[in-house]
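Student: Could you have a look at this structure, given as structure tokens, before my questions?
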Amino acid sequence: MPEPEVRKRSIIIEEIFHEGGPLAKVPRRRAAILAVIKNPFAGKYVEDLTGFMDDLKPLGLQMTKDLVDALGGDVNAIEGYGKGAIVGAAGELEHGALWHVPGGYAMREILPASKAIVPSAKKVGGLGARIDVPITHTNASFVRSHFDAMEVGIPDSPRADEILLALVMTTGPRVHARMGGLKASEIKGEDGLR
């Protein structure tokens with residue numbers, strides 16, 4: 001397959017100072033990078049899609065590097081991550097699943113403390129569709145303070161023959177996290193869970 005045809009990219013950065021409680025000493029940063037690509041499978045059923053995952057890997061790596069840069073350039077500052085995809089109406093949900101490997105493994109390759117599985121969401125949607133990308137701690141999925149989501153989308157995307165690909169990262173827990181459970185400071189880092 002040819003390399004992905006990118007129509008546009010977008011980076012969204014949020015700085016969260018509070019959620020109704022006291023001001024955070026250090027604002028939490030949450031960011032997403034989005035790429036809108038042409039869907040080579042739109043309008044037809046193709047049995048073997050897996051080769052396109054390899055074609056998406058360089059894009060996943062570049063998006064990961066650009067997102068880390070947008071959050072200050074320090075890979076060690078990234079504590080949370082997630083990925084998502086919105087497939088245009090002429091595609092199928094399985095086309096969004098093509099992002100699992102290139103999106104997830106790109107982040108796990110670049111981020112040193114990333115043993116946890118990268119959570120994911122995907123859907124089929126029209127122009128302006130948005131998706132909540134789930135987020136967990138990069139090194140231990142059971143760290144409750146990092147359970148989160150970031151809603152993302154682009155007003156003119158995805159067109160029927162496109163896929164919107166998303167990566168999300170955070171620099172810490174929810175601003176007022178206080179639901180108990182495993183703390184980031186207690187991570188053993190053995191299995192990606194605890």
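Labels for the structure tokens follow display order: chains A, B, ..., residues from 1 in each chain, ligands from 1.
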Neighbouring residues of A:Ser157 were defined as those with any atom within 9 Å, considering only C-alpha atoms; residues of the same chain fewer than 6 positions away were excluded. Please report them as an mmCIF file with N, CA and C atoms, in the first residue's frame.

Tutor:
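Resulting contents of selection11.cif:
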data_model
loop_
_atom_site.group_PDB
_atom_site.id
_atom_site.type_symbol
_atom_site.label_atom_id
_atom_site.label_comp_id
_atom_site.auth_asym_id
_atom_site.auth_seq_id
_atom_site.Cartn_x
_atom_site.Cartn_y
_atom_site.Cartn_z
ATOM 1 N N VAL A 36 -5.809 13.711 9.682
ATOM 2 C CA VAL A 36 -6.905 13.272 8.825
ATOM 3 C C VAL A 36 -6.280 12.684 7.568
ATOM 4 N N ILE A 86 -11.759 8.134 14.200
ATOM 5 C CA ILE A 86 -13.110 8.310 13.664
ATOM 6 C C ILE A 86 -13.035 7.993 12.179
ATOM 7 N N GLY A 88 -14.735 7.855 8.482
ATOM 8 C CA GLY A 88 -15.790 8.498 7.704
ATOM 9 C C GLY A 88 -16.849 7.498 7.262
ATOM 10 N N GLY A 125 -18.231 8.070 11.915
ATOM 11 C CA GLY A 125 -18.933 9.333 12.091
ATOM 12 C C GLY A 125 -18.791 10.225 10.878
ATOM 13 N N GLY A 126 -19.609 11.255 10.839
ATOM 14 C CA GLY A 126 -19.586 12.196 9.728
ATOM 15 C C GLY A 126 -18.787 13.450 10.048
ATOM 16 N N LEU A 127 -18.910 14.443 9.168
ATOM 17 C CA LEU A 127 -18.196 15.701 9.354
ATOM 18 C C LEU A 127 -18.477 16.280 10.732
ATOM 19 N N GLY A 128 -17.417 16.695 11.398
ATOM 20 C CA GLY A 128 -17.566 17.311 12.710
ATOM 21 C C GLY A 128 -17.752 16.335 13.849
ATOM 22 N N ALA A 129 -17.721 15.036 13.575
ATOM 23 C CA ALA A 129 -17.861 14.051 14.650
ATOM 24 C C ALA A 129 -16.738 14.232 15.659
ATOM 25 N N ILE A 163 -10.192 8.995 7.441
ATOM 26 C CA ILE A 163 -10.111 8.538 8.823
ATOM 27 C C ILE A 163 -9.394 9.625 9.612
ATOM 28 N N LEU A 164 -9.963 10.004 10.749
ATOM 29 C CA LEU A 164 -9.290 10.916 11.665
ATOM 30 C C LEU A 164 -8.601 10.068 12.717
#

Student: Contacts of stretch 132-148 of chain A at 10 Å or less, counting only C-alpha atoms, minus same-chain residues fewer than 3 places along, as a VMD selection string?

Tutor: chain A and resid 32 78 to 85 107 to 108 111 to 122 151 to 153 166 to 194

Student: If DSSP is run on the backbone, what residues of stretch 90-172 of chain A are strand (DSSP E)? A reply as a list in words would be ideal.

Tutor: Ser120, Ala121, Lys122, Lys123, Val124, Arg130, Ile131, Asp132, Val133, Pro134, Ile135, Thr136, His137, Asp148, Ala149, Met150, Glu151, Val152, Gly153, Glu162, Ile163, Leu164, Leu165, Ala166, Leu167, Val168, Met169 and Thr170 of chain A

Student: So, with only C-alpha atoms as the atoms that count, which of A:Glu47, A:Asp54, A:Asp156, A:Glu162 lies closest to A:Gly96?

Tutor: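 Among the listed residues, A:Glu162 lies closest to A:Gly96.
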
Student: Name the residues in contact with A:Gly60 at a cut-off of 6 Å, using only C-alpha atoms, excluding same-chain residues fewer than 4 positions from it; report them as a list in words.

Tutor: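 The residues that qualify are Pro102, Gly103 and Ala106 of chain A.
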
Student: For the selection you just gave me, I'd like the residues written to a file as a short mmCIF file (atom, residue, chain, number, x, y, z; two decimals), in the first residue's frame, keeping N, CA, C and O atoms.

Tutor:
data_model
loop_
_atom_site.label_atom_id
_atom_site.label_comp_id
_atom_site.auth_asym_id
_atom_site.auth_seq_id
_atom_site.Cartn_x
_atom_site.Cartn_y
_atom_site.Cartn_z
N PRO A 102 -0.06 1.00 15.09
CA PRO A 102 0.83 2.13 14.81
C PRO A 102 0.69 3.28 15.80
O PRO A 102 1.68 3.94 16.11
N GLY A 103 -0.50 3.52 16.32
CA GLY A 103 -0.68 4.59 17.30
C GLY A 103 -0.17 4.20 18.67
O GLY A 103 0.59 4.93 19.31
N ALA A 106 3.75 3.33 18.76
CA ALA A 106 4.58 4.52 18.58
C ALA A 106 4.77 5.21 19.93
O ALA A 106 5.90 5.58 20.30
#

Student: What residues in stretch 107-166 of chain A get the DSSP label alpha helix (DSSP H)? Please answer as a count of residues only.

Tutor: 4

Student: Within 9 Å of A:Lys8, counting only C-alpha atoms, which residues qualify if same-chain residues fewer than 4 places away don't, as number ranges by chain?

Tutor: A: 34-37

Student: Go ahead and compute the interatomic distance for atom CA of A:Thr64 and atom CA of A:Ile110, in Å to one decimal.

Tutor: 7.3 Å

Student: Which of these, A:Pro155, A:Pro2, A:Pro58, A:Gly72, has the shortest distance to A:Trp99 once you count only C-alpha atoms?

Tutor: A:Pro58

Student: Within 9 Å of A:Asp66, counting only C-alpha atoms, which residues qualify if same-chain residues fewer than 5 places away don't, as a VMD selection string?

Tutor: chain A and resid 11 33 61 71 73

Student: Point out the residue among A:Val124, A:Val6, A:Leu67, A:Ala77 with the least atom-to-atom distance to A:Glu94, counting only C-alpha atoms.

Tutor: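 Closest candidate: A:Val124.
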